[in-house]
Every structure is written in structure tokens, then in C-alpha cells.
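Colleague: As input, take my_file.tsv (TSV, N, CA and C atoms):
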```tsv
chain	number	residue	atom	x	y	z
A	29	ALA	N	-144.19	89.93	7.71
A	29	ALA	CA	-144.08	88.51	7.98
A	29	ALA	C	-144.43	87.69	6.75
A	30	GLY	N	-145.29	88.25	5.88
A	30	GLY	CA	-145.67	87.53	4.67
A	30	GLY	C	-144.52	87.30	3.71
A	31	ASP	N	-143.50	88.13	3.79
A	31	ASP	CA	-142.34	88.00	2.91
A	31	ASP	C	-141.26	87.07	3.47
A	32	TYR	N	-141.39	86.68	4.73
A	32	TYR	CA	-140.37	85.87	5.38
A	32	TYR	C	-141.03	84.65	6.02
A	33	PRO	N	-140.92	83.50	5.42
A	33	PRO	CA	-141.63	82.32	5.93
A	33	PRO	C	-141.18	81.89	7.32
A	34	GLN	N	-140.01	82.29	7.77
A	34	GLN	CA	-139.53	81.91	9.10
A	34	GLN	C	-140.12	82.80	10.20
A	35	VAL	N	-140.83	83.87	9.83
A	35	VAL	CA	-141.45	84.77	10.80
A	35	VAL	C	-142.92	84.43	10.93
A	36	ARG	N	-143.36	84.32	12.18
A	36	ARG	CA	-144.78	84.05	12.43
A	36	ARG	C	-145.30	85.12	13.38
A	37	TYR	N	-146.42	85.70	13.03
A	37	TYR	CA	-147.07	86.72	13.85
A	37	TYR	C	-148.28	86.12	14.52
A	38	GLN	N	-148.37	86.25	15.84
A	38	GLN	CA	-149.52	85.75	16.59
A	38	GLN	C	-149.91	86.80	17.62
A	39	PRO	N	-151.05	87.46	17.44
A	39	PRO	CA	-151.46	88.45	18.44
A	39	PRO	C	-151.88	87.76	19.74
A	40	VAL	N	-151.56	88.41	20.85
A	40	VAL	CA	-151.94	87.93	22.18
A	40	VAL	C	-152.52	89.12	22.93
A	41	LEU	N	-153.73	88.96	23.45
A	41	LEU	CA	-154.37	90.02	24.23
A	41	LEU	C	-154.33	89.68	25.71
A	42	GLY	N	-153.85	90.62	26.51
A	42	GLY	CA	-153.79	90.41	27.95
A	42	GLY	C	-155.16	90.20	28.55
A	43	GLU	N	-156.11	90.97	28.11
A	43	GLU	CA	-157.49	90.85	28.56
A	43	GLU	C	-158.35	90.71	27.32
A	44	ALA	N	-158.58	89.50	26.91
A	44	ALA	CA	-159.30	89.22	25.67
A	44	ALA	C	-160.80	89.51	25.83
A	45	PRO	N	-161.38	90.20	24.85
A	45	PRO	CA	-162.82	90.47	24.91
A	45	PRO	C	-163.64	89.23	24.58
A	46	GLN	N	-164.90	89.29	24.91
A	46	GLN	CA	-165.83	88.20	24.59
A	46	GLN	C	-165.75	87.91	23.09
A	47	GLY	N	-165.64	86.66	22.74
A	47	GLY	CA	-165.61	86.26	21.34
A	47	GLY	C	-164.22	86.19	20.73
A	48	TRP	N	-163.18	86.59	21.44
A	48	TRP	CA	-161.80	86.52	20.93
A	48	TRP	C	-161.40	85.05	20.82
A	49	HIS	N	-160.88	84.67	19.67
A	49	HIS	CA	-160.50	83.28	19.43
A	49	HIS	C	-158.99	83.09	19.38
A	50	GLY	N	-158.25	84.16	19.65
A	50	GLY	CA	-156.80	84.06	19.64
A	50	GLY	C	-156.25	83.74	21.02
A	51	LEU	N	-154.98	83.99	21.20
A	51	LEU	CA	-154.31	83.72	22.47
A	51	LEU	C	-154.55	84.84	23.46
A	52	GLY	N	-154.54	84.49	24.74
A	52	GLY	CA	-154.74	85.48	25.78
A	52	GLY	C	-153.77	85.28	26.92
A	53	GLY	N	-153.63	86.31	27.76
A	53	GLY	CA	-152.74	86.26	28.90
A	53	GLY	C	-151.44	87.00	28.63
A	54	ARG	N	-150.45	86.72	29.43
A	54	ARG	CA	-149.13	87.33	29.23
A	54	ARG	C	-148.47	86.70	28.01
A	55	VAL	N	-147.80	87.51	27.23
A	55	VAL	CA	-147.24	87.04	25.96
A	55	VAL	C	-146.28	85.88	26.16
A	56	HIS	N	-145.36	86.00	27.11
A	56	HIS	CA	-144.37	84.92	27.28
A	56	HIS	C	-145.05	83.63	27.75
A	57	GLU	N	-146.11	83.74	28.54
A	57	GLU	CA	-146.82	82.54	28.98
A	57	GLU	C	-147.58	81.89	27.83
A	58	ALA	N	-148.19	82.71	26.97
A	58	ALA	CA	-148.88	82.18	25.79
A	58	ALA	C	-147.88	81.49	24.86
A	59	LEU	N	-146.71	82.09	24.71
A	59	LEU	CA	-145.67	81.49	23.86
A	59	LEU	C	-145.26	80.13	24.40
A	60	ILE	N	-145.02	80.04	25.69
A	60	ILE	CA	-144.59	78.78	26.29
A	60	ILE	C	-145.68	77.71	26.13
A	61	ARG	N	-146.94	78.10	26.27
A	61	ARG	CA	-148.05	77.14	26.12
A	61	ARG	C	-148.19	76.63	24.69
A	62	HIS	N	-147.89	77.48	23.71
A	62	HIS	CA	-148.21	77.14	22.32
A	62	HIS	C	-147.00	76.87	21.44
A	63	GLU	N	-145.81	76.99	21.97
A	63	GLU	CA	-144.59	76.72	21.19
A	63	GLU	C	-143.70	75.80	22.01
A	64	PRO	N	-143.85	74.49	21.84
A	64	PRO	CA	-143.12	73.55	22.70
A	64	PRO	C	-141.61	73.51	22.48
A	65	GLN	N	-141.11	73.93	21.34
A	65	GLN	CA	-139.67	73.84	21.05
A	65	GLN	C	-139.05	75.23	20.98
A	66	LEU	N	-138.81	75.85	22.12
A	66	LEU	CA	-138.25	77.19	22.16
A	66	LEU	C	-136.80	77.23	21.70
A	67	ALA	N	-136.10	76.12	21.75
A	67	ALA	CA	-134.68	76.12	21.39
A	67	ALA	C	-134.45	76.53	19.94
A	68	GLY	N	-135.45	76.44	19.11
A	68	GLY	CA	-135.31	76.84	17.70
A	68	GLY	C	-135.72	78.27	17.43
A	69	CYS	N	-135.99	79.05	18.48
A	69	CYS	CA	-136.52	80.40	18.32
A	69	CYS	C	-135.53	81.46	18.81
A	70	ASP	N	-135.53	82.60	18.14
A	70	ASP	CA	-134.91	83.81	18.68
A	70	ASP	C	-136.07	84.66	19.18
A	71	ILE	N	-135.99	85.13	20.41
A	71	ILE	CA	-137.09	85.87	21.02
A	71	ILE	C	-136.60	87.26	21.40
A	72	TYR	N	-137.37	88.26	20.99
A	72	TYR	CA	-137.07	89.66	21.27
A	72	TYR	C	-138.14	90.20	22.22
A	73	VAL	N	-137.70	90.77	23.35
A	73	VAL	CA	-138.61	91.26	24.38
A	73	VAL	C	-138.45	92.77	24.50
A	74	ALA	N	-139.59	93.47	24.50
A	74	ALA	CA	-139.60	94.91	24.73
A	74	ALA	C	-140.71	95.21	25.72
A	75	GLY	N	-140.41	96.06	26.69
A	75	GLY	CA	-141.41	96.43	27.67
A	75	GLY	C	-140.77	96.80	28.99
A	76	PRO	N	-141.60	96.98	30.02
A	76	PRO	CA	-141.08	97.37	31.34
A	76	PRO	C	-140.11	96.33	31.89
A	77	PHE	N	-139.19	96.79	32.73
A	77	PHE	CA	-138.16	95.91	33.28
A	77	PHE	C	-138.75	94.72	34.02
A	78	ASP	N	-139.81	94.94	34.81
A	78	ASP	CA	-140.36	93.82	35.58
A	78	ASP	C	-140.97	92.77	34.65
A	79	MET	N	-141.59	93.20	33.57
A	79	MET	CA	-142.14	92.25	32.59
A	79	MET	C	-141.01	91.50	31.88
A	80	ALA	N	-139.95	92.22	31.51
A	80	ALA	CA	-138.82	91.59	30.84
A	80	ALA	C	-138.14	90.57	31.75
A	81	ALA	N	-138.02	90.89	33.02
A	81	ALA	CA	-137.41	89.96	33.98
A	81	ALA	C	-138.27	88.71	34.14
A	82	ALA	N	-139.58	88.88	34.25
A	82	ALA	CA	-140.48	87.73	34.38
A	82	ALA	C	-140.44	86.86	33.13
A	83	ALA	N	-140.40	87.50	31.96
A	83	ALA	CA	-140.32	86.75	30.70
A	83	ALA	C	-139.02	85.96	30.64
A	84	ARG	N	-137.92	86.58	31.01
A	84	ARG	CA	-136.62	85.90	30.96
A	84	ARG	C	-136.62	84.67	31.87
A	85	THR	N	-137.09	84.82	33.08
A	85	THR	CA	-137.13	83.71	34.03
A	85	THR	C	-137.96	82.56	33.48
A	86	ALA	N	-139.15	82.86	32.99
A	86	ALA	CA	-140.04	81.82	32.49
A	86	ALA	C	-139.51	81.17	31.21
A	87	LEU	N	-138.95	81.97	30.31
A	87	LEU	CA	-138.44	81.42	29.05
A	87	LEU	C	-137.23	80.53	29.28
A	88	PHE	N	-136.33	80.92	30.17
A	88	PHE	CA	-135.17	80.07	30.48
A	88	PHE	C	-135.63	78.77	31.13
A	89	ALA	N	-136.61	78.86	32.03
A	89	ALA	CA	-137.14	77.66	32.68
A	89	ALA	C	-137.79	76.72	31.67
A	90	ALA	N	-138.32	77.29	30.58
A	90	ALA	CA	-138.97	76.49	29.53
A	90	ALA	C	-137.97	75.95	28.51
A	91	GLY	N	-136.68	76.25	28.68
A	91	GLY	CA	-135.66	75.68	27.81
A	91	GLY	C	-135.07	76.59	26.77
A	92	LEU	N	-135.41	77.87	26.78
A	92	LEU	CA	-134.82	78.79	25.81
A	92	LEU	C	-133.36	79.05	26.18
A	93	PRO	N	-132.43	78.84	25.24
A	93	PRO	CA	-131.03	79.17	25.52
A	93	PRO	C	-130.85	80.68	25.69
A	94	ALA	N	-130.01	81.08	26.62
A	94	ALA	CA	-129.77	82.50	26.89
A	94	ALA	C	-129.30	83.25	25.64
A	95	SER	N	-128.59	82.58	24.77
A	95	SER	CA	-128.06	83.23	23.56
A	95	SER	C	-129.15	83.56	22.55
A	96	GLN	N	-130.38	83.13	22.80
A	96	GLN	CA	-131.47	83.37	21.85
A	96	GLN	C	-132.53	84.32	22.41
A	97	LEU	N	-132.22	85.03	23.50
A	97	LEU	CA	-133.13	86.01	24.07
A	97	LEU	C	-132.51	87.39	23.95
A	98	PHE	N	-133.27	88.33	23.41
A	98	PHE	CA	-132.76	89.66	23.15
A	98	PHE	C	-133.73	90.70	23.69
A	99	GLY	N	-133.20	91.80	24.18
A	99	GLY	CA	-134.02	92.91	24.63
A	99	GLY	C	-133.15	93.97	25.28
A	100	ASP	N	-133.48	95.23	25.04
A	100	ASP	CA	-132.67	96.31	25.60
A	100	ASP	C	-132.73	96.36	27.11
A	101	ALA	N	-133.82	95.89	27.72
A	101	ALA	CA	-133.93	95.90	29.19
A	101	ALA	C	-132.85	95.04	29.85
A	102	TYR	N	-132.39	94.02	29.15
A	102	TYR	CA	-131.44	93.08	29.76
A	102	TYR	C	-130.07	93.69	30.01
A	103	ALA	N	-129.79	94.84	29.44
A	103	ALA	CA	-128.54	95.53	29.74
A	103	ALA	C	-128.61	96.21	31.11
A	104	PHE	N	-129.82	96.35	31.67
A	104	PHE	CA	-130.01	97.09	32.91
A	104	PHE	C	-130.49	96.23	34.07
A	105	ILE	N	-131.02	95.03	33.78
A	105	ILE	CA	-131.54	94.21	34.87
A	105	ILE	C	-130.75	92.93	35.01
```
The structure in this file should be written as C-alpha cells.
Modeller:
Amino acid sequence: AGDYPQVRYQPVLGEAPQGWHGLGGRVHEALIRHEPQLAGCDIYVAGPFDMAAAARTALFAAGLPASQLFGDAYAFI
């Protein structure tokens, strides 16, 4: 990410330990809370089908265009 200024890395912990100062919760929910302009993003999702489906539903509801969401699970669900 250091070589590409358009890439931003932000760790998100599902169950953050005491003292964690980063983002917590489900990744797609943290993204929606902290990135108000999803239309300018390409988002890649990897994980179980139920998680990918939940992420897709929430991201589309938050304004992400379908053409900017990618993931191998979407060929099956």
C-alpha cells in the first residue's frame, strides 16, 4: 500500500481487545461508518457466502454501485 497512494489499509477486528484504538465490528459495517463516499471505491470481498451476501446487501444500500463490488462468492450466490 505504501507504493500506491490510492490504496489505503485499515485493520478491523471483529472482537477488539481492551486498548484497541482501531476499527471494530464487521468489516463492511466499519467501512460504511468510516467511508461516506463509497461510489469512489472498488471493493473486493473474500469470505464465507453468508458474509459476502450480507456485505453486498449493506454496501449496495449504502450507495456502492454494483459494478464496483468484486468477489468470487458472487458467482455462486
Colleague: So that I can check the surroundings of stretch 33-39 of chain A, please list as a list in words every protein, DNA and RNA residue that reaches within 12 Å of it, counting only C-alpha atoms and ignoring chain neighbours fewer than 3 positions away.
Modeller: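 The contact residues come out as Ala29, Gly30, Gly42, Ala44, Trp48, His49, Gly50, Leu51, Gly52, Gly53, Arg54, Val55, His56, Ala58, Leu59, His62, Glu63, Gly68, Cys69, Asp70 and Ile71 of chain A.
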Colleague: Just to confirm, what's the straight-line distance from atom N of A:Ala103 to atom N of A:Pro76 in Å (one decimal)?
Modeller: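 Atom N of A:Pro76 lies at a distance of 12.0 Å from atom N of A:Ala103.
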Colleague: Just give me the gap between atom N of A:Gln65 and atom CA of A:Gln46 in Å, one decimal is fine.
Modeller: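 Pair atom N of A:Gln65 / atom CA of A:Gln46 returns 28.7 Å.
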Colleague: Quick one: of A:Asp31, A:Glu57, A:Ile105, A:Asp100, who's nearest to A:Ala81, counting only C-alpha atoms?
Modeller: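 Using only C-alpha atoms, A:Ala81 sits closest to A:Ile105.
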Colleague: For a quick check of understanding, using all atoms listed in the file, which of A:Asp78, A:Val73, A:Thr85, A:Ala90 has the smallest distance to A:Ile60?
Modeller: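 Selected residue with least distance to A:Ile60: A:Ala90.
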Colleague: Pull the alpha helix (DSSP H) assignments for chain A out of DSSP run on the backbone, and list those residues as number ranges by chain.
Modeller: A: 55-62, 77-89
Colleague: I need the residue nearest A:Leu87 from this list: A:Ala67, A:Ala101, A:Gly47, A:Leu41. Use only C-alpha atoms for the distance.
Modeller: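 Between A:Ala67, A:Ala101, A:Gly47, A:Leu41, the residue approaching A:Leu87 most closely is A:Ala67.
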Colleague: So how many Å separate atom CA of A:Ala86 and atom CA of A:Tyr32, to one decimal?
Modeller: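 Straight-line distance from atom CA of A:Ala86 to atom CA of A:Tyr32 works out to 27.4 Å.
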Colleague: Ranking A:Arg61, A:Glu43, A:Leu97, A:Leu66 by minimum distance to A:Arg84 and counting all atoms listed in the file, which one comes first?
Modeller: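 Checking each of A:Arg61, A:Glu43, A:Leu97, A:Leu66 against A:Arg84, counting all atoms listed in the file, the winner is A:Leu97.
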Colleague: Quick one: axis-aligned box around all listed atoms of stretch 90-100 of chain A, 6 Å on every side, centre and edge lengths in Å to one decimal, written as lines of an AutoDock Vina configuration file.
Modeller:
```
center_x = -133.5
center_y = 86.0
center_z = 26.2
size_x = 22.9
size_y = 32.7
size_z = 20.7
```
